[in-house]
Amino acid sequence: MNASEKISKLKQEKDVVILAHYYVDQEVQKLADFVGDSYALAKKAAETEQKNILFAGVSFMGESAKLLNPKKHVYMLDQTAGCLMADMVTAEQVKQAREKYPEAAVVCYVNSSAEVKAESDVCVTSSNAVRVVKKLKQKQIYFIPDQHLAHFVAEMLPEKEFIYHDGYCPTHRMIDQKSLMEAKAKHPKALVLSHPECAKEILDLSDYAGSTAEIISYAGENAAEEYIIATETGVFYQLEKENPGKKFYPVIDCQVCPDMKKNTLSRLEYALEQIGSGDLPEIELEERIMEQAKRPLVQMLELAR
Ligand code: 13P
Ligand code: SF4
């Protein structure tokens with residue numbers, strides 16, 4: 001039995017759905033039941049039928065799946081896979097900001113812990129942030145934790161007044177202006193597609209900015225044959241698979257998220273074998289957090305519709 005047959009058999013026997021983010025190892029993406037950006041993964045998690053969800057991604061994604069499916073068992077391929085940006089804001093900081101800015105809506109990027117979500121009014125992802133923030137009645141927006149996504153949204157919504165947090169994604173921050181200028185000089189016909197977690201100077205040099213799924217659909221729908229991609233290299237698998245005639249180049253070789261890369265094929269096999277044995281810890285959250293952190297996520301799903 002090859003790896004793929006073994007995984008299908010285990011999935012069926014154990015009633016498991018495998019959800020994966022575009023940044024994980026391509027061998028895992030190939031075997032997942034659903035691959036998506038954080039918004040699509042949250043929606044999918046809210047709809048799944050299987051009693052066990054196995055998540056190939058980072059902890060905030062698994063936590064969101066648990067919050068939206070309290071009765072299901074949610075497991076991570078690798079429990080140590082976290083998000084460095086999510087760790088840049090604490091629930092305590094949000095409580096203090098609420099006292100300082102009582103009029104502001106607390107808008108929380110899904111790349112955050114469940115504790116932080118529990119203190120927030122609404123969640124957003126990079127693909128729905130503009131849509132969701134636009135619909136909020138508050139003029140003042142306290143946006144956590146990503147300063148770059150916040151600036152990107154603020155530019156689109158001049159009617160709102162933003163208060164910024166200082167969080168950022170270390171992987172996207174590595175993508176620098178000089179390297180992008182060099183990549184553009186090397187591939188003069190290529191369009192530049194960036195993730196809004198990139199700094200403003202990168203977005204200003206880009207032809208398009210969007211979530212991972214939006215970058216993939218933009219490249220699929222556009223007639224251009226070459227693209228410089230300013231986001232984690234995991235997206236190259238789908239980009240190349242869906243666009244066999246087109247060429248995709250990274251800005252730098254190391255635009256890689258080390259935590260996403262913990263989601264390997266061997267971890268997938270191991271996790272599937274362990275589900276149900278009691279040896280694979282499932283995501284568990286305190287009851288208070290479960291109740292309070294679900295609210296901003298559900299609010300996001302409603303406003304983003
Ligand atoms: P997407 O919502 O675009 O999938 O992004 C998730 C992420 O972690 C980007 O660094
Ligand atoms: Fe977090 Fe950045 Fe990794 Fe996305 S790429 S999971 S924001 S550290």
# chains A, B, ... in the order shown; residues from 1 in each chain; ligands from 1

call {"tool": "residues_near_ligand", "arguments": {"ligand": "ligand 1", "cutoff": "6 Å", "atoms": "only C-alpha atoms and all ligand atoms", "output": "JSON, numbers by chain"}}
result
{"A": [37, 38, 39, 125, 126, 211, 212]}

call {"tool": "write_last_selection", "arguments": {"atoms": "C-alpha atoms", "output": "PDB file, in the first residue's frame"}}
result
ATOM      1  CA  ASP A  37      -6.672  30.326   2.569  1.00  0.00           C
ATOM      2  CA  SER A  38      -7.573  31.095   6.167  1.00  0.00           C
ATOM      3  CA  TYR A  39     -11.048  32.378   5.284  1.00  0.00           C
ATOM      4  CA  THR A 125      -8.794  37.430   7.281  1.00  0.00           C
ATOM      5  CA  SER A 126      -6.736  39.043   4.543  1.00  0.00           C
ATOM      6  CA  SER A 211      -4.836  36.618   0.246  1.00  0.00           C
ATOM      7  CA  THR A 212      -3.195  33.357  -0.826  1.00  0.00           C
TER       8      THR A 212
END

call {"tool": "select_by_dssp", "arguments": {"residues": "region 73-162 of chain A", "states": "alpha helix (DSSP H)", "output": "MDAnalysis selection string"}}
result
chainID A and resid 91:100 114:118 129:135 147:156

call {"tool": "write_last_selection", "arguments": {"atoms": "C-alpha atoms", "output": "mmCIF file, in the first residue's frame"}}
result
data_model
loop_
_atom_site.group_PDB
_atom_site.id
_atom_site.type_symbol
_atom_site.label_atom_id
_atom_site.label_comp_id
_atom_site.auth_asym_id
_atom_site.auth_seq_id
_atom_site.Cartn_x
_atom_site.Cartn_y
_atom_site.Cartn_z
ATOM 1 C CA ALA A 91 -5.330 39.536 25.656
ATOM 2 C CA GLU A 92 -4.015 41.964 28.310
ATOM 3 C CA GLN A 93 -2.905 44.456 25.635
ATOM 4 C CA VAL A 94 -6.376 44.322 24.084
ATOM 5 C CA LYS A 95 -8.028 44.975 27.471
ATOM 6 C CA GLN A 96 -5.766 48.010 28.003
ATOM 7 C CA ALA A 97 -6.490 49.333 24.506
ATOM 8 C CA ARG A 98 -10.229 49.027 25.172
ATOM 9 C CA GLU A 99 -9.866 51.300 28.186
ATOM 10 C CA LYS A 100 -7.805 53.781 26.189
ATOM 11 C CA ALA A 114 -8.193 32.243 20.969
ATOM 12 C CA GLU A 115 -7.533 34.308 24.146
ATOM 13 C CA VAL A 116 -7.039 37.441 22.024
ATOM 14 C CA LYS A 117 -10.096 36.655 19.894
ATOM 15 C CA ALA A 118 -12.114 36.359 23.106
ATOM 16 C CA ALA A 129 -10.850 42.477 6.013
ATOM 17 C CA VAL A 130 -11.891 45.395 3.793
ATOM 18 C CA ARG A 131 -15.428 44.014 3.373
ATOM 19 C CA VAL A 132 -15.883 43.345 7.093
ATOM 20 C CA VAL A 133 -14.361 46.592 8.437
ATOM 21 C CA LYS A 134 -16.393 48.643 5.946
ATOM 22 C CA LYS A 135 -19.594 47.223 7.453
ATOM 23 C CA GLN A 147 0.364 46.581 11.139
ATOM 24 C CA HIS A 148 0.787 45.912 7.413
ATOM 25 C CA LEU A 149 -2.639 44.418 6.807
ATOM 26 C CA ALA A 150 -4.058 47.263 8.916
ATOM 27 C CA HIS A 151 -2.403 49.888 6.689
ATOM 28 C CA PHE A 152 -3.586 48.048 3.575
ATOM 29 C CA VAL A 153 -7.207 48.094 4.830
ATOM 30 C CA ALA A 154 -6.934 51.707 6.059
ATOM 31 C CA GLU A 155 -5.859 52.838 2.613
ATOM 32 C CA MET A 156 -8.999 51.283 1.117
#

call {"tool": "residues_near_ligand", "arguments": {"ligand": "ligand 2", "cutoff": "8 Å", "atoms": "only C-alpha atoms and all ligand atoms", "output": "list in words"}}
result
Tyr23, Gly57, Val58, Gly82, Cys83, Leu84, Met85, Ala86, Asn111, Tyr168, Cys169, Pro170, Thr171, His172, Glu197, Thr231, Glu232, Val256, Cys257, Pro258, Asp259 and Met260 of chain A

call {"tool": "residues_around", "arguments": {"residues": "Gly278 (chain A)", "least_positions_apart": "6", "cutoff": "12 Å", "atoms": "only C-alpha atoms", "output": "list of chain:residue names"}}
result
A:His73, A:Tyr75, A:Ala271, A:Leu272

call {"tool": "residues_around", "arguments": {"residues": "Val110 (chain A)", "least_positions_apart": "2", "cutoff": "6 Å", "atoms": "only C-alpha atoms", "output": "VMD selection string"}}
result
chain A and resid 112 123 to 125

call {"tool": "residues_around", "arguments": {"residues": "Asn243 (chain A)", "least_positions_apart": "5", "cutoff": "12 Å", "atoms": "only C-alpha atoms", "output": "ChimeraX atom specification"}}
result
/A:216-227,236-238,248

call {"tool": "closest_residue", "arguments": {"among": "A:Glu49, A:Asp25, A:Asp33, A:Asp78", "to": "Arg267 (chain A)", "atoms": "only C-alpha atoms"}}
result
A:Asp78

call {"tool": "residues_around", "arguments": {"residues": "Gln299 (chain A)", "least_positions_apart": "2", "cutoff": "10 Å", "atoms": "only C-alpha atoms", "output": "ChimeraX atom specification"}}
result
/A:121-124,132,294-297,301-304

call {"tool": "residues_around", "arguments": {"residues": "Leu285 (chain A)", "least_positions_apart": "5", "cutoff": "9 Å", "atoms": "only C-alpha atoms", "output": "list in words"}}
result
Glu63, Lys66, Leu67, Ala114 and Met290 of chain A

call {"tool": "write_last_selection", "arguments": {"atoms": "N, CA and C atoms", "output": "compact mmCIF listing (two decimals), in the first residue's frame"}}
result
# COMPACT_ATOMS: atom_id res chain seq x y z
N GLU A 63 -7.36 26.21 16.15
CA GLU A 63 -8.23 26.77 17.21
C GLU A 63 -9.52 27.31 16.60
N LYS A 66 -11.82 24.53 15.94
CA LYS A 66 -12.43 24.02 17.18
C LYS A 66 -13.53 24.97 17.66
N LEU A 67 -13.25 26.28 17.58
CA LEU A 67 -14.25 27.26 18.04
C LEU A 67 -15.54 27.14 17.23
N ALA A 114 -6.77 32.25 20.57
CA ALA A 114 -8.19 32.24 20.97
C ALA A 114 -8.41 33.22 22.13
N MET A 290 -13.96 29.37 24.78
CA MET A 290 -14.77 28.78 23.71
C MET A 290 -15.96 29.69 23.39

call {"tool": "select_by_dssp", "arguments": {"residues": "region 34-231 of chain A", "states": "strand (DSSP E or B)", "output": "number ranges by chain"}}
result
A: 34-36, 52-56, 73-76, 105-109, 122-124, 140-144, 146, 161-164, 167, 191-194, 208-209, 226-230

call {"tool": "closest_residue", "arguments": {"among": "A:Arg305, A:Arg288, A:Lys9, A:Lys71", "to": "Glu119 (chain A)", "atoms": "only C-alpha atoms"}}
result
A:Arg288

call {"tool": "closest_residue", "arguments": {"among": "A:Arg173, A:Lys43, A:Lys139, A:His21", "to": "Lys261 (chain A)", "atoms": "only C-alpha atoms"}}
result
A:His21

call {"tool": "decode", "arguments": {"residues": "region 9-24 of chain A", "atoms": "N, CA, C and O atoms", "output": "compact mmCIF listing (two decimals), in the first residue's frame"}}
result
# COMPACT_ATOMS: atom_id res chain seq x y z
N LYS A 9 -7.30 5.08 3.53
CA LYS A 9 -7.89 4.02 4.36
C LYS A 9 -8.05 4.51 5.81
O LYS A 9 -9.12 4.38 6.40
N LEU A 10 -6.99 5.12 6.34
CA LEU A 10 -7.05 5.61 7.73
C LEU A 10 -8.13 6.68 7.89
O LEU A 10 -8.85 6.72 8.89
N LYS A 11 -8.23 7.56 6.87
CA LYS A 11 -9.23 8.64 6.94
C LYS A 11 -10.63 8.07 7.05
O LYS A 11 -11.46 8.53 7.82
N GLN A 12 -10.89 7.06 6.21
CA GLN A 12 -12.23 6.46 6.22
C GLN A 12 -12.50 5.72 7.52
O GLN A 12 -13.55 5.90 8.13
N GLU A 13 -11.54 4.90 7.92
CA GLU A 13 -11.72 4.11 9.15
C GLU A 13 -11.97 5.01 10.35
O GLU A 13 -12.77 4.71 11.22
N LYS A 14 -11.27 6.15 10.38
CA LYS A 14 -11.34 7.00 11.58
C LYS A 14 -12.25 8.22 11.42
O LYS A 14 -12.32 9.05 12.31
N ASP A 15 -12.89 8.32 10.28
CA ASP A 15 -13.82 9.43 10.02
C ASP A 15 -13.13 10.80 10.21
O ASP A 15 -13.50 11.59 11.08
N VAL A 16 -12.12 11.01 9.37
CA VAL A 16 -11.29 12.21 9.49
C VAL A 16 -11.37 13.03 8.20
O VAL A 16 -11.35 12.47 7.10
N VAL A 17 -11.44 14.36 8.34
CA VAL A 17 -11.28 15.23 7.18
C VAL A 17 -9.94 15.97 7.38
O VAL A 17 -9.63 16.40 8.49
N ILE A 18 -9.16 16.05 6.29
CA ILE A 18 -7.86 16.75 6.39
C ILE A 18 -7.99 18.11 5.71
O ILE A 18 -8.30 18.20 4.52
N LEU A 19 -7.78 19.17 6.50
CA LEU A 19 -7.81 20.54 5.97
C LEU A 19 -6.38 21.07 5.96
O LEU A 19 -5.64 20.90 6.93
N ALA A 20 -5.99 21.70 4.85
CA ALA A 20 -4.60 22.18 4.75
C ALA A 20 -4.55 23.60 4.21
O ALA A 20 -5.36 23.99 3.37
N HIS A 21 -3.56 24.35 4.70
CA HIS A 21 -3.32 25.70 4.17
C HIS A 21 -2.35 25.62 3.00
O HIS A 21 -1.54 24.71 2.91
N TYR A 22 -2.44 26.63 2.10
CA TYR A 22 -1.58 26.66 0.91
C TYR A 22 -0.09 26.72 1.20
O TYR A 22 0.72 26.54 0.30
N TYR A 23 0.28 27.06 2.44
CA TYR A 23 1.71 27.19 2.75
C TYR A 23 2.38 25.87 3.15
O TYR A 23 3.58 25.82 3.30
N VAL A 24 1.57 24.81 3.39
CA VAL A 24 2.21 23.58 3.89
C VAL A 24 2.86 22.81 2.74
O VAL A 24 2.59 23.06 1.55
